[in-house]
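*Asks:* Would you mind keeping the following structure in view while I ask a few things?
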Amino acid sequence: MPTPKKSAPARGAVARKKSPQAQGAGQRGPQPTRLAGTSGEPLWRQLVQALREDIIKGVFRVGVQLPTEEELCERFAVSRHTVRVALQQLRADGLVSSRQGSGTTVMAPPPSTPFNVHQVASIDELIAYAAESRYVVDRSEVIESHQVSPDELPLPEKRSWLRLQGFRLAQATEAADTPPVCWTEVFVAAEFAGVERLLPRRSGPIWQLIEDMYGERLVDVEQSLRVRPVPAEVAAGLDVDPASSVVEVRRTYRTSSDQVAEVSVNLYPAEKFRFNMKLRRA
């Protein structure tokens, strides 16, 4: 008796189709990622950060749809509720837009939108800020704490520092006449001064270079803001009136042993500065 042949799928049967992102995932799309459930950061915020980094890196370009909610749930091993909260935050940040039946699409920021570093709610999100900009060091020197006035910047006493000065530029800036985002002065503790030789070849925040190069974990960042007159020597570089004001954002980075590893001072033109902060009940 002849062996029965396996029947082909019925002509009317339709296989479930994957989205274009899912079809290409095995070749060039993002690899499966499991969020750190024990990091102390809510899963939805970790997901916001992961998707934001993908957008910044061009994994999802402007005009491209993000994976579906189901695909995001599978990729990050999170609930649909977590995905929806994360997408809601990305919409509030102006990074994506959603329409019923059309999915979620990556948006281009309006050209008039000021550069805004302060949609930052965790230490990890400072990485995204650094990825969006480029620090160009114009001057570097080794100094002692007493060489900086305590009124100007209270550095820990009797220590040596690598002092870096320069402007931070928007990563996408190509025109020579485009003003920088801010003027930045960084003080790196002398024991970590070796990061200077990595700066021309590595992007990202200096504090992350300290972690990578020395294996020292920075666990605490103290941030303060104030309005002050623009220093005469940086007014022209920031393209502001010498009589105008700037917003100073100062950050102090400490190690797990409570030692100050880095202090940064950033001066932003006041008319282009915005500050956004969200507070969540513990």
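To be explicit about the labels: the chains of the structure tokens are called A, B, and onward in the order shown, and within each one the residues are counted from 1, while ligands get numbers from 1 in the order they are shown.
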Residues at most 8 Å from stretch 243-254 of chain A, counting only C-alpha atoms, excluding those fewer than 2 positions away in the same chain, as a ChimeraX atom specification?
*Replies:* /A:207,218-230,240-241,256-270,273
*Asks:* Skipping near chain neighbours, those fewer than 6 positions away, what residues fall within 8 Å of A:Leu169 using only C-alpha atoms, listed as a PyMOL selection string?
*Replies:* chain A and resi 133-136+179-182
*Asks:* Limited to C-alpha atoms, could you put the picked residues into a file as a short mmCIF file (atom, residue, chain, number, x, y, z; two decimals), in the first residue's frame?
*Replies:*
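Result file follows (part08.cif):
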```
data_model
loop_
_atom_site.label_atom_id
_atom_site.label_comp_id
_atom_site.auth_asym_id
_atom_site.auth_seq_id
_atom_site.Cartn_x
_atom_site.Cartn_y
_atom_site.Cartn_z
CA SER A 133 26.61 65.08 22.73
CA ARG A 134 30.39 65.32 22.30
CA TYR A 135 32.85 66.89 24.74
CA VAL A 136 35.72 68.74 23.06
CA PRO A 179 26.93 77.40 19.10
CA PRO A 180 27.78 74.60 21.54
CA VAL A 181 25.30 73.15 23.99
CA CYS A 182 27.25 74.25 27.06
#
```
*Asks:* Just want the 7 Å neighbourhood of stretch 72-77 of chain A, counted on only C-alpha atoms, with same-chain residues fewer than 2 positions away dropped. Output as a PyMOL selection string.
*Replies:* chain A and resi 32-35+67-70+79-80+83
*Asks:* Please compute the atom CA of A:Thr104-atom CA of A:Gln88 distance, one decimal, in Å.
*Replies:*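 According to the coordinates, atom CA of A:Thr104 and atom CA of A:Gln88 are separated by 10.3 Å.
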*Asks:* Pick out the residues sitting within 9 Å of A:Leu162, and hand them over as a VMD selection string; count only C-alpha atoms, and ignore anything fewer than 2 positions along from it in its own chain.
*Replies:* chain A and resid 140 to 144 160 164 186 to 190 192 to 193 196
*Asks:* Save out the residues we just selected, all heavy atoms, as a compact mmCIF listing (two decimals), in the first residue's frame.
*Replies:*
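Output (part19.txt):
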```txt
# COMPACT_ATOMS: atom_id res chain seq x y z
N SER A 140 43.77 71.23 29.31
CA SER A 140 43.87 70.29 30.43
C SER A 140 45.13 70.60 31.23
O SER A 140 46.15 71.03 30.67
CB SER A 140 43.89 68.84 29.94
OG SER A 140 45.07 68.58 29.19
N GLU A 141 45.05 70.41 32.53
CA GLU A 141 46.19 70.65 33.42
C GLU A 141 45.96 69.91 34.73
O GLU A 141 44.83 69.53 35.05
CB GLU A 141 46.35 72.15 33.70
CG GLU A 141 45.13 72.78 34.35
CD GLU A 141 45.30 74.27 34.61
OE1 GLU A 141 46.46 74.72 34.70
OE2 GLU A 141 44.27 74.97 34.72
N VAL A 142 47.02 69.70 35.49
CA VAL A 142 46.93 69.10 36.82
C VAL A 142 47.07 70.22 37.84
O VAL A 142 47.99 71.03 37.77
CB VAL A 142 48.02 68.03 37.03
CG1 VAL A 142 47.97 67.50 38.47
CG2 VAL A 142 47.84 66.88 36.04
N ILE A 143 46.13 70.30 38.77
CA ILE A 143 46.12 71.35 39.78
C ILE A 143 45.94 70.73 41.16
O ILE A 143 45.62 69.53 41.30
CB ILE A 143 45.00 72.38 39.53
CG1 ILE A 143 43.62 71.70 39.69
CG2 ILE A 143 45.13 72.99 38.14
CD1 ILE A 143 42.47 72.68 39.77
N GLU A 144 46.10 71.57 42.19
CA GLU A 144 45.83 71.19 43.56
C GLU A 144 44.53 71.85 44.02
O GLU A 144 44.11 72.87 43.47
CB GLU A 144 46.98 71.62 44.47
CG GLU A 144 48.34 71.07 44.08
CD GLU A 144 48.40 69.56 44.14
OE1 GLU A 144 47.80 68.98 45.08
OE2 GLU A 144 49.03 68.96 43.25
N SER A 160 45.05 66.28 44.44
CA SER A 160 45.40 66.73 43.09
C SER A 160 44.29 66.35 42.12
O SER A 160 43.60 65.32 42.32
CB SER A 160 46.72 66.08 42.64
OG SER A 160 47.77 66.46 43.50
N LEU A 164 39.89 69.66 33.22
CA LEU A 164 39.57 69.69 31.79
C LEU A 164 38.59 70.82 31.53
O LEU A 164 37.64 71.01 32.31
CB LEU A 164 38.96 68.36 31.34
CG LEU A 164 39.76 67.09 31.65
CD1 LEU A 164 38.92 65.86 31.36
CD2 LEU A 164 41.05 67.06 30.85
N VAL A 186 35.65 70.00 34.06
CA VAL A 186 35.62 68.73 34.79
C VAL A 186 36.88 68.61 35.63
O VAL A 186 37.99 68.87 35.15
CB VAL A 186 35.51 67.53 33.82
CG1 VAL A 186 35.47 66.22 34.61
CG2 VAL A 186 34.28 67.66 32.94
N PHE A 187 36.71 68.19 36.88
CA PHE A 187 37.82 67.92 37.78
C PHE A 187 37.81 66.41 38.08
O PHE A 187 36.86 65.91 38.69
CB PHE A 187 37.69 68.71 39.08
CG PHE A 187 37.75 70.21 38.88
CD1 PHE A 187 36.60 70.92 38.53
CD2 PHE A 187 38.94 70.90 39.04
CE1 PHE A 187 36.65 72.29 38.35
CE2 PHE A 187 38.99 72.27 38.85
CZ PHE A 187 37.85 72.97 38.51
N VAL A 188 38.85 65.73 37.65
CA VAL A 188 38.97 64.28 37.87
C VAL A 188 40.05 64.04 38.92
O VAL A 188 41.17 64.57 38.80
CB VAL A 188 39.33 63.54 36.56
CG1 VAL A 188 39.45 62.04 36.82
CG2 VAL A 188 38.29 63.83 35.48
N ALA A 189 39.72 63.27 39.95
CA ALA A 189 40.71 62.97 40.99
C ALA A 189 41.96 62.38 40.36
O ALA A 189 41.88 61.57 39.42
CB ALA A 189 40.12 62.01 42.02
N ALA A 190 43.15 62.79 40.86
CA ALA A 190 44.42 62.45 40.22
C ALA A 190 44.61 60.95 40.03
O ALA A 190 45.21 60.52 39.04
CB ALA A 190 45.58 63.03 41.04
N PHE A 192 42.61 58.90 39.02
CA PHE A 192 41.89 58.45 37.84
C PHE A 192 42.24 59.26 36.59
O PHE A 192 41.56 59.19 35.57
CB PHE A 192 40.37 58.54 38.08
CG PHE A 192 39.91 57.84 39.32
CD1 PHE A 192 39.22 58.54 40.31
CD2 PHE A 192 40.17 56.50 39.52
CE1 PHE A 192 38.80 57.90 41.46
CE2 PHE A 192 39.75 55.85 40.67
CZ PHE A 192 39.06 56.55 41.65
N ALA A 193 43.31 60.04 36.66
CA ALA A 193 43.66 60.98 35.59
C ALA A 193 44.02 60.28 34.28
O ALA A 193 44.04 60.90 33.22
CB ALA A 193 44.82 61.88 36.03
N GLU A 196 42.29 60.60 30.69
CA GLU A 196 42.49 61.66 29.70
C GLU A 196 42.93 61.10 28.35
O GLU A 196 42.51 61.58 27.30
CB GLU A 196 43.53 62.67 30.19
CG GLU A 196 43.75 63.83 29.24
CD GLU A 196 44.79 64.82 29.72
OE1 GLU A 196 45.54 64.48 30.67
OE2 GLU A 196 44.86 65.92 29.15
```
*Asks:* Go ahead and compute the interatomic distance for atom CA of A:Gly101 and atom CA of A:Leu66, in Å to one decimal.
*Replies:* 13.3 Å
*Asks:* Quick one: residues within 8 Å of A:Pro242, only C-alpha atoms counted, chain neighbours fewer than 6 positions away excluded, as a VMD selection string?
*Replies:* chain A and resid 230 to 232 235 to 236
*Asks:* Please dump the current selection as a CSV table (one decimal), in the first residue's frame; keep all heavy atoms.
*Replies:*
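The resulting file, again_22.csv, is reproduced below:
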```csv
chain,number,residue,atom,x,y,z
A,230,VAL,N,27.5,85.1,33.2
A,230,VAL,CA,28.3,84.3,32.3
A,230,VAL,C,29.8,84.7,32.4
A,230,VAL,O,30.0,86.0,32.4
A,230,VAL,CB,27.8,84.4,30.8
A,230,VAL,CG1,27.9,85.8,30.3
A,230,VAL,CG2,28.7,83.5,29.9
A,231,PRO,N,30.7,83.8,32.6
A,231,PRO,CA,32.1,84.3,32.7
A,231,PRO,C,32.5,84.9,31.3
A,231,PRO,O,32.1,84.4,30.3
A,231,PRO,CB,32.9,82.9,32.9
A,231,PRO,CG,31.9,82.0,33.5
A,231,PRO,CD,30.6,82.4,32.9
A,232,ALA,N,33.3,85.9,31.4
A,232,ALA,CA,33.7,86.7,30.2
A,232,ALA,C,34.4,85.8,29.2
A,232,ALA,O,34.2,85.9,28.0
A,232,ALA,CB,34.6,87.9,30.6
A,235,ALA,N,31.6,83.6,27.2
A,235,ALA,CA,30.5,84.3,26.6
A,235,ALA,C,30.4,84.1,25.1
A,235,ALA,O,29.4,83.8,24.4
A,235,ALA,CB,30.4,85.7,27.0
A,236,ALA,N,31.6,84.4,24.4
A,236,ALA,CA,31.6,84.4,23.0
A,236,ALA,C,31.4,83.0,22.5
A,236,ALA,O,30.7,82.7,21.5
A,236,ALA,CB,33.0,84.9,22.5
```
*Asks:* Just checking: using only C-alpha atoms, which residue out of A:Arg52, A:Arg45, A:Arg202, A:Arg168 ends up closest to A:Trp183?
*Replies:*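 Smallest distance to A:Trp183 is found for A:Arg168.
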*Asks:* Of the candidates A:Glu271, A:Val106, A:Arg217, A:Ser149, which one gets nearest to A:Asp54 if we count only C-alpha atoms?
*Replies:*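 Comparing A:Glu271, A:Val106, A:Arg217, A:Ser149 against A:Asp54, the winner is A:Val106.
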*Asks:* Do you know which residues are at most 8 Å from A:Thr105 counting only C-alpha atoms, after dropping those on the same chain fewer than 3 positions away, and could you put them as a PDB file with N, CA, C and O atoms, in the first residue's frame?
*Replies:*
```pdb
ATOM      1  N   VAL A  62      14.223  57.601  12.798  1.00  0.00           N
ATOM      2  CA  VAL A  62      13.050  58.469  12.698  1.00  0.00           C
ATOM      3  C   VAL A  62      12.144  57.980  11.578  1.00  0.00           C
ATOM      4  O   VAL A  62      12.602  57.683  10.464  1.00  0.00           O
ATOM      5  N   GLY A  63      10.863  57.853  11.879  1.00  0.00           N
ATOM      6  CA  GLY A  63       9.891  57.379  10.900  1.00  0.00           C
ATOM      7  C   GLY A  63       9.661  55.895  10.923  1.00  0.00           C
ATOM      8  O   GLY A  63       8.736  55.392  10.265  1.00  0.00           O
ATOM      9  N   VAL A  64      10.491  55.159  11.680  1.00  0.00           N
ATOM     10  CA  VAL A  64      10.363  53.693  11.756  1.00  0.00           C
ATOM     11  C   VAL A  64       9.471  53.328  12.934  1.00  0.00           C
ATOM     12  O   VAL A  64       9.489  53.980  13.976  1.00  0.00           O
ATOM     13  N   GLN A  65       8.685  52.284  12.775  1.00  0.00           N
ATOM     14  CA  GLN A  65       7.826  51.820  13.857  1.00  0.00           C
ATOM     15  C   GLN A  65       8.621  50.985  14.847  1.00  0.00           C
ATOM     16  O   GLN A  65       9.481  50.188  14.464  1.00  0.00           O
ATOM     17  N   LEU A  66       8.324  51.178  16.125  1.00  0.00           N
ATOM     18  CA  LEU A  66       8.871  50.305  17.153  1.00  0.00           C
ATOM     19  C   LEU A  66       8.214  48.927  17.051  1.00  0.00           C
ATOM     20  O   LEU A  66       7.145  48.779  16.452  1.00  0.00           O
ATOM     21  N   VAL A  96       8.383  59.426  20.493  1.00  0.00           N
ATOM     22  CA  VAL A  96       7.559  58.575  19.637  1.00  0.00           C
ATOM     23  C   VAL A  96       6.141  59.137  19.603  1.00  0.00           C
ATOM     24  O   VAL A  96       5.755  59.964  20.441  1.00  0.00           O
ATOM     25  N   SER A  97       5.371  58.672  18.615  1.00  0.00           N
ATOM     26  CA  SER A  97       3.947  58.988  18.552  1.00  0.00           C
ATOM     27  C   SER A  97       3.197  57.699  18.263  1.00  0.00           C
ATOM     28  O   SER A  97       3.735  56.782  17.637  1.00  0.00           O
ATOM     29  N   SER A  98       1.968  57.627  18.729  1.00  0.00           N
ATOM     30  CA  SER A  98       1.160  56.422  18.541  1.00  0.00           C
ATOM     31  C   SER A  98      -0.195  56.795  17.968  1.00  0.00           C
ATOM     32  O   SER A  98      -0.785  57.820  18.363  1.00  0.00           O
TER      33      SER A  98
END
```
